[in-house]
>>> print(open('model22.pdb').read())   # PDB, C-alpha atoms and all ligand atoms
ATOM      1  CA  MET Q   1      11.066  36.886  -5.616  1.00  0.00           C
ATOM      2  CA  LYS Q   2      12.922  37.864  -2.462  1.00  0.00           C
ATOM      3  CA  GLU Q   3      13.821  35.264   0.145  1.00  0.00           C
ATOM      4  CA  ASN Q   4      11.293  36.588   2.691  1.00  0.00           C
ATOM      5  CA  ASN Q   5       8.501  36.374   0.097  1.00  0.00           C
ATOM      6  CA  PHE Q   6       9.318  32.714  -0.428  1.00  0.00           C
ATOM      7  CA  GLU Q   7       9.084  32.211   3.328  1.00  0.00           C
ATOM      8  CA  GLN Q   8       5.667  33.819   3.443  1.00  0.00           C
ATOM      9  CA  SER Q   9       4.523  31.744   0.454  1.00  0.00           C
ATOM     10  CA  ARG Q  10       5.801  28.626   2.174  1.00  0.00           C
ATOM     11  CA  ARG Q  11       3.794  29.379   5.319  1.00  0.00           C
ATOM     12  CA  ASP Q  12       0.704  30.120   3.231  1.00  0.00           C
ATOM     13  CA  MET Q  13       1.129  26.859   1.313  1.00  0.00           C
ATOM     14  CA  VAL Q  14       1.263  24.895   4.582  1.00  0.00           C
ATOM     15  CA  GLU Q  15      -1.895  26.602   5.872  1.00  0.00           C
ATOM     16  CA  THR Q  16      -4.046  26.602   2.767  1.00  0.00           C
ATOM     17  CA  GLN Q  17      -2.864  23.620   0.736  1.00  0.00           C
ATOM     18  CA  LEU Q  18      -1.840  21.159   3.462  1.00  0.00           C
ATOM     19  CA  LYS Q  19      -3.596  21.836   6.786  1.00  0.00           C
ATOM     20  CA  ARG Q  20      -6.948  22.686   5.226  1.00  0.00           C
ATOM     21  CA  ARG Q  21      -6.887  19.446   3.257  1.00  0.00           C
ATOM     22  CA  GLY Q  22      -6.216  17.363   6.334  1.00  0.00           C
ATOM     23  CA  ILE Q  23      -2.432  16.973   6.558  1.00  0.00           C
ATOM     24  CA  ASP Q  24      -2.025  16.879  10.342  1.00  0.00           C
ATOM     25  CA  SER Q  25       1.249  15.120  11.114  1.00  0.00           C
ATOM     26  CA  PRO Q  26       3.320  17.719  13.035  1.00  0.00           C
ATOM     27  CA  LYS Q  27       6.578  16.293  11.616  1.00  0.00           C
ATOM     28  CA  VAL Q  28       5.311  16.489   8.053  1.00  0.00           C
ATOM     29  CA  LEU Q  29       4.039  20.057   8.495  1.00  0.00           C
ATOM     30  CA  GLU Q  30       7.350  21.061  10.097  1.00  0.00           C
ATOM     31  CA  ALA Q  31       9.251  19.644   7.125  1.00  0.00           C
ATOM     32  CA  PHE Q  32       7.148  21.628   4.649  1.00  0.00           C
ATOM     33  CA  LEU Q  33       7.700  24.797   6.658  1.00  0.00           C
ATOM     34  CA  ASN Q  34      11.449  24.292   6.585  1.00  0.00           C
ATOM     35  CA  VAL Q  35      12.488  22.694   3.297  1.00  0.00           C
ATOM     36  CA  PRO Q  36      12.865  25.487   0.700  1.00  0.00           C
ATOM     37  CA  ARG Q  37      10.859  24.130  -2.267  1.00  0.00           C
ATOM     38  CA  GLU Q  38      12.165  27.024  -4.407  1.00  0.00           C
ATOM     39  CA  ASN Q  39      15.648  25.435  -4.293  1.00  0.00           C
ATOM     40  CA  PHE Q  40      14.275  22.409  -6.141  1.00  0.00           C
ATOM     41  CA  ILE Q  41      12.550  24.287  -8.967  1.00  0.00           C
ATOM     42  CA  PRO Q  42      14.356  25.309 -12.170  1.00  0.00           C
ATOM     43  CA  GLU Q  43      15.165  29.036 -12.223  1.00  0.00           C
ATOM     44  CA  LYS Q  44      12.627  30.002 -14.871  1.00  0.00           C
ATOM     45  CA  SER Q  45       9.615  28.699 -12.938  1.00  0.00           C
ATOM     46  CA  ARG Q  46      10.944  29.390  -9.433  1.00  0.00           C
ATOM     47  CA  LYS Q  47       8.372  32.103  -8.821  1.00  0.00           C
ATOM     48  CA  TYR Q  48       5.679  29.418  -9.032  1.00  0.00           C
ATOM     49  CA  ALA Q  49       7.400  27.254  -6.391  1.00  0.00           C
ATOM     50  CA  TYR Q  50       4.476  27.488  -3.953  1.00  0.00           C
ATOM     51  CA  ASN Q  51       1.662  27.176  -6.498  1.00  0.00           C
ATOM     52  CA  ASP Q  52      -0.906  24.486  -5.780  1.00  0.00           C
ATOM     53  CA  SER Q  53       0.265  22.451  -8.784  1.00  0.00           C
ATOM     54  CA  PRO Q  54       2.980  20.206 -10.190  1.00  0.00           C
ATOM     55  CA  LEU Q  55       5.837  21.944 -12.062  1.00  0.00           C
ATOM     56  CA  PRO Q  56       8.258  20.827 -14.780  1.00  0.00           C
ATOM     57  CA  VAL Q  57      11.745  19.875 -13.611  1.00  0.00           C
ATOM     58  CA  GLY Q  58      13.209  19.153 -17.076  1.00  0.00           C
ATOM     59  CA  TYR Q  59      13.588  15.975 -19.166  1.00  0.00           C
ATOM     60  CA  GLY Q  60       9.782  15.710 -19.450  1.00  0.00           C
ATOM     61  CA  GLN Q  61       9.412  15.070 -15.695  1.00  0.00           C
ATOM     62  CA  THR Q  62       7.556  16.952 -12.957  1.00  0.00           C
ATOM     63  CA  ILE Q  63       7.765  17.716  -9.267  1.00  0.00           C
ATOM     64  CA  SER Q  64       4.380  16.863  -7.698  1.00  0.00           C
ATOM     65  CA  GLN Q  65       1.967  19.362  -6.201  1.00  0.00           C
ATOM     66  CA  PRO Q  66       2.951  20.093  -2.545  1.00  0.00           C
ATOM     67  CA  TYR Q  67      -0.226  18.435  -1.209  1.00  0.00           C
ATOM     68  CA  ILE Q  68       0.534  15.120  -2.950  1.00  0.00           C
ATOM     69  CA  VAL Q  69       4.110  15.131  -1.622  1.00  0.00           C
ATOM     70  CA  ALA Q  70       2.748  15.805   1.883  1.00  0.00           C
ATOM     71  CA  LEU Q  71       0.019  13.164   1.633  1.00  0.00           C
ATOM     72  CA  MET Q  72       2.444  10.489   0.449  1.00  0.00           C
ATOM     73  CA  THR Q  73       4.938  11.443   3.152  1.00  0.00           C
ATOM     74  CA  GLN Q  74       2.268  11.235   5.856  1.00  0.00           C
ATOM     75  CA  LEU Q  75       1.093   7.840   4.542  1.00  0.00           C
ATOM     76  CA  LEU Q  76       4.616   6.433   4.933  1.00  0.00           C
ATOM     77  CA  GLU Q  77       4.437   6.832   8.761  1.00  0.00           C
ATOM     78  CA  ILE Q  78       8.161   7.523   9.048  1.00  0.00           C
ATOM     79  CA  LYS Q  79       9.890   7.108  12.393  1.00  0.00           C
ATOM     80  CA  LYS Q  80      13.319   8.581  13.067  1.00  0.00           C
ATOM     81  CA  ASN Q  81      16.130   6.595  11.421  1.00  0.00           C
ATOM     82  CA  ASP Q  82      13.751   4.575   9.252  1.00  0.00           C
ATOM     83  CA  LYS Q  83      15.455   3.401   6.087  1.00  0.00           C
ATOM     84  CA  VAL Q  84      13.436   4.718   3.160  1.00  0.00           C
ATOM     85  CA  LEU Q  85      13.712   4.038  -0.567  1.00  0.00           C
ATOM     86  CA  GLU Q  86      12.354   6.566  -3.041  1.00  0.00           C
ATOM     87  CA  ILE Q  87      11.886   5.621  -6.702  1.00  0.00           C
ATOM     88  CA  GLY Q  88      12.044   8.717  -8.932  1.00  0.00           C
ATOM     89  CA  SER Q  89      14.328  11.412  -7.469  1.00  0.00           C
ATOM     90  CA  GLY Q  90      13.281  14.082 -10.001  1.00  0.00           C
ATOM     91  CA  SER Q  91      14.149  17.401  -8.340  1.00  0.00           C
ATOM     92  CA  GLY Q  92      15.160  15.823  -5.009  1.00  0.00           C
ATOM     93  CA  TYR Q  93      12.405  17.661  -3.077  1.00  0.00           C
ATOM     94  CA  GLN Q  94      10.565  14.575  -1.824  1.00  0.00           C
ATOM     95  CA  ALA Q  95      13.884  13.047  -0.747  1.00  0.00           C
ATOM     96  CA  ALA Q  96      14.768  16.227   1.185  1.00  0.00           C
ATOM     97  CA  ILE Q  97      11.383  16.214   2.946  1.00  0.00           C
ATOM     98  CA  LEU Q  98      11.919  12.585   4.001  1.00  0.00           C
ATOM     99  CA  SER Q  99      15.419  13.390   5.200  1.00  0.00           C
ATOM    100  CA  PHE Q 100      14.138  16.362   7.235  1.00  0.00           C
ATOM    101  CA  ILE Q 101      11.785  14.094   9.163  1.00  0.00           C
ATOM    102  CA  GLY Q 102      14.643  11.811  10.118  1.00  0.00           C
ATOM    103  CA  ALA Q 103      14.643   9.081   7.459  1.00  0.00           C
ATOM    104  CA  LYS Q 104      17.818   7.600   5.996  1.00  0.00           C
ATOM    105  CA  VAL Q 105      16.996   8.172   2.363  1.00  0.00           C
ATOM    106  CA  PHE Q 106      18.077   6.229  -0.723  1.00  0.00           C
ATOM    107  CA  SER Q 107      16.613   7.694  -3.898  1.00  0.00           C
ATOM    108  CA  VAL Q 108      16.855   6.040  -7.322  1.00  0.00           C
ATOM    109  CA  GLU Q 109      16.524   7.975 -10.587  1.00  0.00           C
ATOM    110  CA  ARG Q 110      16.692   6.497 -14.108  1.00  0.00           C
ATOM    111  CA  ILE Q 111      17.645   9.747 -15.884  1.00  0.00           C
ATOM    112  CA  LYS Q 112      21.312  10.509 -15.286  1.00  0.00           C
ATOM    113  CA  GLU Q 113      20.947  14.289 -15.629  1.00  0.00           C
ATOM    114  CA  LEU Q 114      18.112  14.373 -13.090  1.00  0.00           C
ATOM    115  CA  ARG Q 115      20.117  12.282 -10.686  1.00  0.00           C
ATOM    116  CA  GLU Q 116      22.788  14.998 -10.808  1.00  0.00           C
ATOM    117  CA  ILE Q 117      20.190  17.745 -10.394  1.00  0.00           C
ATOM    118  CA  ALA Q 118      18.524  15.972  -7.451  1.00  0.00           C
ATOM    119  CA  ARG Q 119      21.876  15.374  -5.819  1.00  0.00           C
ATOM    120  CA  SER Q 120      23.026  18.979  -6.115  1.00  0.00           C
ATOM    121  CA  ASN Q 121      19.618  20.377  -5.084  1.00  0.00           C
ATOM    122  CA  CYS Q 122      19.712  18.245  -1.922  1.00  0.00           C
ATOM    123  CA  GLU Q 123      23.293  19.223  -1.151  1.00  0.00           C
ATOM    124  CA  ASN Q 124      22.671  22.938  -1.718  1.00  0.00           C
ATOM    125  CA  ALA Q 125      19.689  22.822   0.619  1.00  0.00           C
ATOM    126  CA  GLY Q 126      21.851  21.126   3.280  1.00  0.00           C
ATOM    127  CA  PHE Q 127      20.598  17.542   2.877  1.00  0.00           C
ATOM    128  CA  THR Q 128      24.001  15.952   2.462  1.00  0.00           C
ATOM    129  CA  ASP Q 129      22.942  12.533   3.804  1.00  0.00           C
ATOM    130  CA  VAL Q 130      20.518  11.742   0.986  1.00  0.00           C
ATOM    131  CA  ALA Q 131      21.959   9.051  -1.306  1.00  0.00           C
ATOM    132  CA  VAL Q 132      20.835   9.647  -4.900  1.00  0.00           C
ATOM    133  CA  VAL Q 133      21.711   6.819  -7.265  1.00  0.00           C
ATOM    134  CA  GLU Q 134      21.125   6.125 -10.934  1.00  0.00           C
ATOM    135  CA  GLY Q 135      19.241   2.999 -11.924  1.00  0.00           C
ATOM    136  CA  ASP Q 136      15.952   1.225 -12.539  1.00  0.00           C
ATOM    137  CA  GLY Q 137      14.052   1.626  -9.292  1.00  0.00           C
ATOM    138  CA  THR Q 138      11.463  -0.999 -10.255  1.00  0.00           C
ATOM    139  CA  LEU Q 139      14.152  -3.482  -9.189  1.00  0.00           C
ATOM    140  CA  GLY Q 140      14.330  -1.842  -5.750  1.00  0.00           C
ATOM    141  CA  PHE Q 141      17.775  -1.416  -4.268  1.00  0.00           C
ATOM    142  CA  LYS Q 142      18.987  -4.826  -3.171  1.00  0.00           C
ATOM    143  CA  GLY Q 143      22.272  -3.700  -1.627  1.00  0.00           C
ATOM    144  CA  HIS Q 144      20.472  -1.680   1.052  1.00  0.00           C
ATOM    145  CA  ALA Q 145      17.241  -3.684   1.452  1.00  0.00           C
ATOM    146  CA  PRO Q 146      15.087  -4.250   3.441  1.00  0.00           C
ATOM    147  CA  PHE Q 147      13.413  -0.849   3.833  1.00  0.00           C
ATOM    148  CA  ASP Q 148      10.997   0.416   6.469  1.00  0.00           C
ATOM    149  CA  ALA Q 149       9.189   2.367   3.785  1.00  0.00           C
ATOM    150  CA  ILE Q 150       9.241   2.669  -0.012  1.00  0.00           C
ATOM    151  CA  ILE Q 151       7.728   5.539  -1.985  1.00  0.00           C
ATOM    152  CA  VAL Q 152       7.262   5.468  -5.739  1.00  0.00           C
ATOM    153  CA  THR Q 153       6.798   8.928  -7.277  1.00  0.00           C
ATOM    154  CA  ALA Q 154       5.975   7.753 -10.806  1.00  0.00           C
ATOM    155  CA  GLY Q 155       2.852   5.938 -12.028  1.00  0.00           C
ATOM    156  CA  ALA Q 156       3.178   2.138 -12.234  1.00  0.00           C
ATOM    157  CA  PRO Q 157       1.096  -0.302 -14.340  1.00  0.00           C
ATOM    158  CA  PHE Q 158       1.213  -2.777 -11.403  1.00  0.00           C
ATOM    159  CA  VAL Q 159       3.034  -3.119  -8.089  1.00  0.00           C
ATOM    160  CA  PRO Q 160       6.622  -4.268  -8.780  1.00  0.00           C
ATOM    161  CA  ASP Q 161       7.301  -7.516  -6.875  1.00  0.00           C
ATOM    162  CA  PRO Q 162      10.872  -6.543  -5.887  1.00  0.00           C
ATOM    163  CA  LEU Q 163       9.516  -3.540  -3.968  1.00  0.00           C
ATOM    164  CA  LYS Q 164       7.130  -5.707  -1.934  1.00  0.00           C
ATOM    165  CA  GLU Q 165       9.909  -8.171  -1.256  1.00  0.00           C
ATOM    166  CA  GLN Q 166      12.296  -5.430  -0.107  1.00  0.00           C
ATOM    167  CA  LEU Q 167       9.994  -4.210   2.705  1.00  0.00           C
ATOM    168  CA  VAL Q 168      10.607  -5.150   6.346  1.00  0.00           C
ATOM    169  CA  ASP Q 169       7.792  -6.833   8.253  1.00  0.00           C
ATOM    170  CA  GLY Q 170       5.466  -3.922   9.050  1.00  0.00           C
ATOM    171  CA  GLY Q 171       6.900  -1.894   6.138  1.00  0.00           C
ATOM    172  CA  ARG Q 172       4.826   0.538   4.055  1.00  0.00           C
ATOM    173  CA  LEU Q 173       4.852   1.013   0.278  1.00  0.00           C
ATOM    174  CA  VAL Q 174       3.106   4.062  -1.210  1.00  0.00           C
ATOM    175  CA  ILE Q 175       2.677   3.847  -4.977  1.00  0.00           C
ATOM    176  CA  PRO Q 176       0.421   5.196  -7.738  1.00  0.00           C
ATOM    177  CA  VAL Q 177      -0.911   2.285  -9.849  1.00  0.00           C
ATOM    178  CA  GLY Q 178      -3.062   2.512 -12.963  1.00  0.00           C
ATOM    179  CA  SER Q 179      -2.878   3.703 -16.567  1.00  0.00           C
ATOM    180  CA  SER Q 180      -0.229   6.041 -17.926  1.00  0.00           C
ATOM    181  CA  PHE Q 181      -2.649   8.990 -17.441  1.00  0.00           C
ATOM    182  CA  PHE Q 182      -4.452   8.307 -14.192  1.00  0.00           C
ATOM    183  CA  GLN Q 183      -3.663   6.150 -11.191  1.00  0.00           C
ATOM    184  CA  ASP Q 184      -4.944   5.060  -7.784  1.00  0.00           C
ATOM    185  CA  LEU Q 185      -2.650   6.021  -4.952  1.00  0.00           C
ATOM    186  CA  LEU Q 186      -2.151   2.845  -2.926  1.00  0.00           C
ATOM    187  CA  ARG Q 187      -0.653   2.148   0.472  1.00  0.00           C
ATOM    188  CA  ILE Q 188       0.498  -1.419   0.931  1.00  0.00           C
ATOM    189  CA  ARG Q 189       1.513  -2.739   4.326  1.00  0.00           C
ATOM    190  CA  LYS Q 190       3.558  -5.907   4.681  1.00  0.00           C
ATOM    191  CA  ILE Q 191       2.429  -7.999   7.623  1.00  0.00           C
ATOM    192  CA  LYS Q 192       3.985 -11.437   8.109  1.00  0.00           C
ATOM    193  CA  ASN Q 193       4.583 -11.841   4.358  1.00  0.00           C
ATOM    194  CA  LYS Q 194       1.017 -10.815   3.553  1.00  0.00           C
ATOM    195  CA  TYR Q 195       0.195  -7.512   1.870  1.00  0.00           C
ATOM    196  CA  GLU Q 196      -2.689  -5.304   2.980  1.00  0.00           C
ATOM    197  CA  GLU Q 197      -3.702  -2.787   0.333  1.00  0.00           C
ATOM    198  CA  GLU Q 198      -5.605   0.482   0.825  1.00  0.00           C
ATOM    199  CA  ARG Q 199      -6.743   2.802  -1.966  1.00  0.00           C
ATOM    200  CA  ILE Q 200      -6.233   6.406  -0.887  1.00  0.00           C
ATOM    201  CA  CYS Q 201      -7.307   8.595  -3.837  1.00  0.00           C
ATOM    202  CA  GLY Q 202      -6.926   9.205  -7.560  1.00  0.00           C
ATOM    203  CA  CYS Q 203      -3.757  10.881  -8.830  1.00  0.00           C
ATOM    204  CA  MET Q 204      -1.720  11.650 -11.970  1.00  0.00           C
ATOM    205  CA  PHE Q 205       1.980  10.869 -12.226  1.00  0.00           C
ATOM    206  CA  VAL Q 206       4.519  10.605 -15.038  1.00  0.00           C
ATOM    207  CA  PRO Q 207       5.113   6.933 -15.976  1.00  0.00           C
ATOM    208  CA  LEU Q 208       7.353   4.543 -14.072  1.00  0.00           C
ATOM    209  CA  ILE Q 209       9.594   3.103 -16.786  1.00  0.00           C
ATOM    210  CA  GLY Q 210      11.566  -0.067 -16.149  1.00  0.00           C
ATOM    211  CA  LYS Q 211      11.697  -3.831 -15.967  1.00  0.00           C
ATOM    212  CA  HIS Q 212       8.711  -4.020 -13.591  1.00  0.00           C
ATOM    213  CA  GLY Q 213       7.023  -0.899 -14.971  1.00  0.00           C
ATOM    214  CA  TRP Q 214       6.116   0.539 -18.364  1.00  0.00           C
ATOM    215  CA  SER Q 215       8.422  -0.272 -21.251  1.00  0.00           C
ATOM    216  CA  ASN Q 216      10.299   2.659 -22.740  1.00  0.00           C
TER     217      ASN Q 216
HETATM  218  N1  LIG S 301       9.934  12.781  -6.445  1.00  0.00           N
HETATM  219  C1  LIG S 301      10.314  13.788  -7.431  1.00  0.00           C
HETATM  220  C2  LIG S 301       9.392  13.845  -8.621  1.00  0.00           C
HETATM  221  C3  LIG S 301       9.494  12.620  -9.428  1.00  0.00           C
HETATM  222  S1  LIG S 301       8.924  12.715 -11.093  1.00  0.00           S
HETATM  223  C4  LIG S 301      10.451  15.149  -6.811  1.00  0.00           C
HETATM  224  O1  LIG S 301      10.285  15.297  -5.581  1.00  0.00           O
HETATM  225  O2  LIG S 301      10.778  16.082  -7.545  1.00  0.00           O
HETATM  226  C5  LIG S 301       9.153  11.006 -11.453  1.00  0.00           C
HETATM  227  C6  LIG S 301      10.590  10.609 -11.648  1.00  0.00           C
HETATM  228  O3  LIG S 301      10.633   9.202 -11.742  1.00  0.00           O
HETATM  229  C7  LIG S 301      11.208  11.156 -12.929  1.00  0.00           C
HETATM  230  O4  LIG S 301      12.349  11.878 -12.630  1.00  0.00           O
HETATM  231  C8  LIG S 301      11.524   9.884 -13.732  1.00  0.00           C
HETATM  232  O5  LIG S 301      12.701   9.995 -14.503  1.00  0.00           O
HETATM  233  C9  LIG S 301      11.683   8.867 -12.623  1.00  0.00           C
HETATM  234  N2  LIG S 301      11.514   7.472 -12.988  1.00  0.00           N
HETATM  235  C10 LIG S 301      10.610   6.907 -13.825  1.00  0.00           C
HETATM  236  N3  LIG S 301      10.796   5.565 -13.863  1.00  0.00           N
HETATM  237  C11 LIG S 301      11.831   5.272 -13.032  1.00  0.00           C
HETATM  238  C12 LIG S 301      12.495   4.062 -12.636  1.00  0.00           C
HETATM  239  N4  LIG S 301      12.146   2.864 -13.103  1.00  0.00           N
HETATM  240  N5  LIG S 301      13.514   4.165 -11.762  1.00  0.00           N
HETATM  241  C13 LIG S 301      13.920   5.355 -11.276  1.00  0.00           C
HETATM  242  N6  LIG S 301      13.340   6.528 -11.612  1.00  0.00           N
HETATM  243  C14 LIG S 301      12.298   6.488 -12.480  1.00  0.00           C
END
>>> encode(input="model22.pdb", output="structure tokens")
Amino acid sequence: MKENNFEQSRRDMVETQLKRRGIDSPKVLEAFLNVPRENFIPEKSRKYAYNDSPLPVGYGQTISQPYIVALMTQLLEIKKNDKVLEIGSGSGYQAAILSFIGAKVFSVERIKELREIARSNCENAGFTDVAVVEGDGTLGFKGHAPFDAIIVTAGAPFVPDPLKEQLVDGGRLVIPVGSSFFQDLLRIRKIKNKYEEERICGCMFVPLIGKHGWSN
């Protein structure tokens, strides 16, 4: 597909998949209009980049449907220069979206090859400030904690304690929690060492594998 067709598809995606379903944060919409999702999709499925669906990114993992990425981003309530931790870099697309809206992004990926892919996808799309690191994200990222917001883009069996602990007061954690097939998308807000939990909707993510997640 030619570059200008991707641009048209991107605008259509924002209108029909995001705005019509209630995504209304101007910053989030602006990010989706500007970050080229096609750069984060493997060549052979690139023509489906703006489909209303998840897509494979290799190694048995998937990039989420655009709407879910937008919803989770909006739920994080990012302010400029917020320090944000992402667990599950995958393609790097979610990290690039967060970076576009002004977050300082640390993204942890357990699969070495995907870490490399996420890193080069972000760099090629001009997001050179995103730090992609290899590791078990269920442990959080102690060296750079605390975080204003944490987003987990894989399905967890329960909320990992280290992630709650590594939030600032007022921090937000968005995480899918449930079985390995179906989860509830939760937003947890830390307020004076208490945690307020909201259930947002049902969702389906690949499993979060690690010490405070599913075992391999
Ligand atoms: N956010 C990604 C999609 C993530 S798919 C994107 O925008 O493309 C989920 C990713 O989580 C997979 O790449 C998987 O390898 C990774 N993952 C699963 N468990 C993990 C863990 N404990 N730590 C870090 N990454 C993990």
>>> residues_around(input="model22.pdb", residues="segment 4-17 of chain Q", least_positions_apart="4", cutoff="10 Å", atoms="only C-alpha atoms", output="list in words")
Arg21, Gly22, Ile23, Val28, Leu29, Glu30, Ala31, Phe32, Leu33, Asn34, Val35, Pro36, Arg37, Glu38, Arg46, Lys47, Tyr48, Ala49, Tyr50, Asn51, Asp52, Gln65, Pro66, Tyr67, Ile68 and Ala70 of chain Q
>>> atom_distance(input="model22.pdb", atom1="atom CA of Leu55 of chain Q", atom2="atom CA of Phe141 of chain Q")
27.4 Å
>>> atom_distance(input="model22.pdb", atom1="atom CA of Glu134 of chain Q", atom2="atom CA of Ser91 of chain Q")
13.5 Å
>>> residues_around(input="model22.pdb", residues="segment 109-119 of chain Q", least_positions_apart="4", cutoff="10 Å", atoms="only C-alpha atoms", output="JSON, numbers by chain")
{"Q": [40, 42, 57, 58, 59, 61, 86, 87, 88, 89, 90, 91, 92, 93, 94, 95, 96, 123, 124, 127, 128, 130, 131, 132, 133, 134, 135, 136, 137, 138, 208, 209, 210]}
>>> axis_aligned_box(input="model22.pdb", around="ligand LIG 301 (chain S)", padding_each_side="3 Å", output="JSON")
{"center_x": 11.4, "center_y": 9.5, "center_z": -10.0, "size_x": 11.0, "size_y": 19.2, "size_z": 14.9}
>>> resolve_selection(input="model22.pdb", expression="the PyMOL selection byres (((chain Q and resi 178) around 10) and not hetatm)", output="list in words")
Gly155, Ala156, Pro157, Phe158, Val159, Ile175, Pro176, Val177, Ser179, Ser180, Phe181, Phe182, Gln183, Asp184, Leu185, Gly202, Cys203, Met204, Phe205 and Pro207 of chain Q
>>> closest_residue(input="model22.pdb", among="Q:Pro146, Q:Gly171, Q:Gly102, Q:Pro54", to="ligand LIG 301 (chain S)", atoms="only C-alpha atoms and all ligand atoms")
Q:Pro54
>>> closest_residue(input="model22.pdb", among="Q:Val206, Q:Lys83, Q:Pro26, Q:Val69", to="Val168 of chain Q", atoms="only C-alpha atoms")
Q:Lys83
>>> closest_residue(input="model22.pdb", among="Q:Leu167, Q:Ile63, Q:Val105, Q:Val174", to="ligand LIG 301 (chain S)", atoms="only C-alpha atoms and all ligand atoms")
Q:Ile63
>>> residues_near_point(input="model22.pdb", point="(5.3, 1.7, 1.7)", cutoff="9 Å", atoms="all atoms listed in the file", output="MDAnalysis selection string")
chainID Q and resid 75:77 84 147:152 163:164 167 171:175 186:190
>>> write_last_selection(input="model22.pdb", atoms="C-alpha atoms", output="tab-separated table (two decimals), keeping the file's coordinate frame")
chain	number	residue	atom	x	y	z
Q	75	LEU	CA	1.09	7.84	4.54
Q	76	LEU	CA	4.62	6.43	4.93
Q	77	GLU	CA	4.44	6.83	8.76
Q	84	VAL	CA	13.44	4.72	3.16
Q	147	PHE	CA	13.41	-0.85	3.83
Q	148	ASP	CA	11.00	0.42	6.47
Q	149	ALA	CA	9.19	2.37	3.78
Q	150	ILE	CA	9.24	2.67	-0.01
Q	151	ILE	CA	7.73	5.54	-1.98
Q	152	VAL	CA	7.26	5.47	-5.74
Q	163	LEU	CA	9.52	-3.54	-3.97
Q	164	LYS	CA	7.13	-5.71	-1.93
Q	167	LEU	CA	9.99	-4.21	2.70
Q	171	GLY	CA	6.90	-1.89	6.14
Q	172	ARG	CA	4.83	0.54	4.06
Q	173	LEU	CA	4.85	1.01	0.28
Q	174	VAL	CA	3.11	4.06	-1.21
Q	175	ILE	CA	2.68	3.85	-4.98
Q	186	LEU	CA	-2.15	2.84	-2.93
Q	187	ARG	CA	-0.65	2.15	0.47
Q	188	ILE	CA	0.50	-1.42	0.93
Q	189	ARG	CA	1.51	-2.74	4.33
Q	190	LYS	CA	3.56	-5.91	4.68
>>> closest_residue(input="model22.pdb", among="Q:Gly140, Q:Lys194, Q:Asp129, Q:Val108", to="ligand LIG 301 (chain S)", atoms="only C-alpha atoms and all ligand atoms")
Q:Val108
>>> closest_residue(input="model22.pdb", among="Q:Trp214, Q:Thr62, Q:Cys201, Q:Gly143", to="ligand LIG 301 (chain S)", atoms="only C-alpha atoms and all ligand atoms")
Q:Thr62
>>> closest_residue(input="model22.pdb", among="Q:Gly126, Q:Glu43, Q:Asn81, Q:Thr73", to="ligand LIG 301 (chain S)", atoms="only C-alpha atoms and all ligand atoms")
Q:Thr73
>>> atom_distance(input="model22.pdb", atom1="atom CA of Asp169 of chain Q", atom2="atom CA of Lys142 of chain Q")
16.1 Å
>>> build_atoms(input="model22.pdb", residues="segment 107-118 of chain Q", atoms="N, CA and C atoms", output="compact mmCIF listing (two decimals), keeping the file's coordinate frame")
# COMPACT_ATOMS: atom_id res chain seq x y z
N SER Q 107 17.53 7.30 -2.84
CA SER Q 107 16.61 7.69 -3.90
C SER Q 107 17.20 7.26 -5.23
N VAL Q 108 16.39 6.57 -6.04
CA VAL Q 108 16.86 6.04 -7.32
C VAL Q 108 16.21 6.82 -8.46
N GLU Q 109 17.02 7.21 -9.44
CA GLU Q 109 16.52 7.98 -10.59
C GLU Q 109 17.08 7.35 -11.87
N ARG Q 110 16.21 7.14 -12.88
CA ARG Q 110 16.69 6.50 -14.11
C ARG Q 110 17.36 7.47 -15.07
N ILE Q 111 17.04 8.78 -14.96
CA ILE Q 111 17.64 9.75 -15.88
C ILE Q 111 18.88 10.37 -15.22
N LYS Q 112 20.03 10.12 -15.87
CA LYS Q 112 21.31 10.51 -15.29
C LYS Q 112 21.36 12.00 -14.92
N GLU Q 113 20.88 12.84 -15.86
CA GLU Q 113 20.95 14.29 -15.63
C GLU Q 113 20.11 14.68 -14.42
N LEU Q 114 18.96 14.04 -14.25
CA LEU Q 114 18.11 14.37 -13.09
C LEU Q 114 18.74 13.87 -11.80
N ARG Q 115 19.42 12.75 -11.89
CA ARG Q 115 20.12 12.28 -10.69
C ARG Q 115 21.09 13.35 -10.21
N GLU Q 116 21.83 13.94 -11.17
CA GLU Q 116 22.79 15.00 -10.81
C GLU Q 116 22.08 16.21 -10.23
N ILE Q 117 20.95 16.58 -10.86
CA ILE Q 117 20.19 17.74 -10.39
C ILE Q 117 19.65 17.48 -8.97
N ALA Q 118 19.08 16.31 -8.78
CA ALA Q 118 18.52 15.97 -7.45
C ALA Q 118 19.62 16.00 -6.40
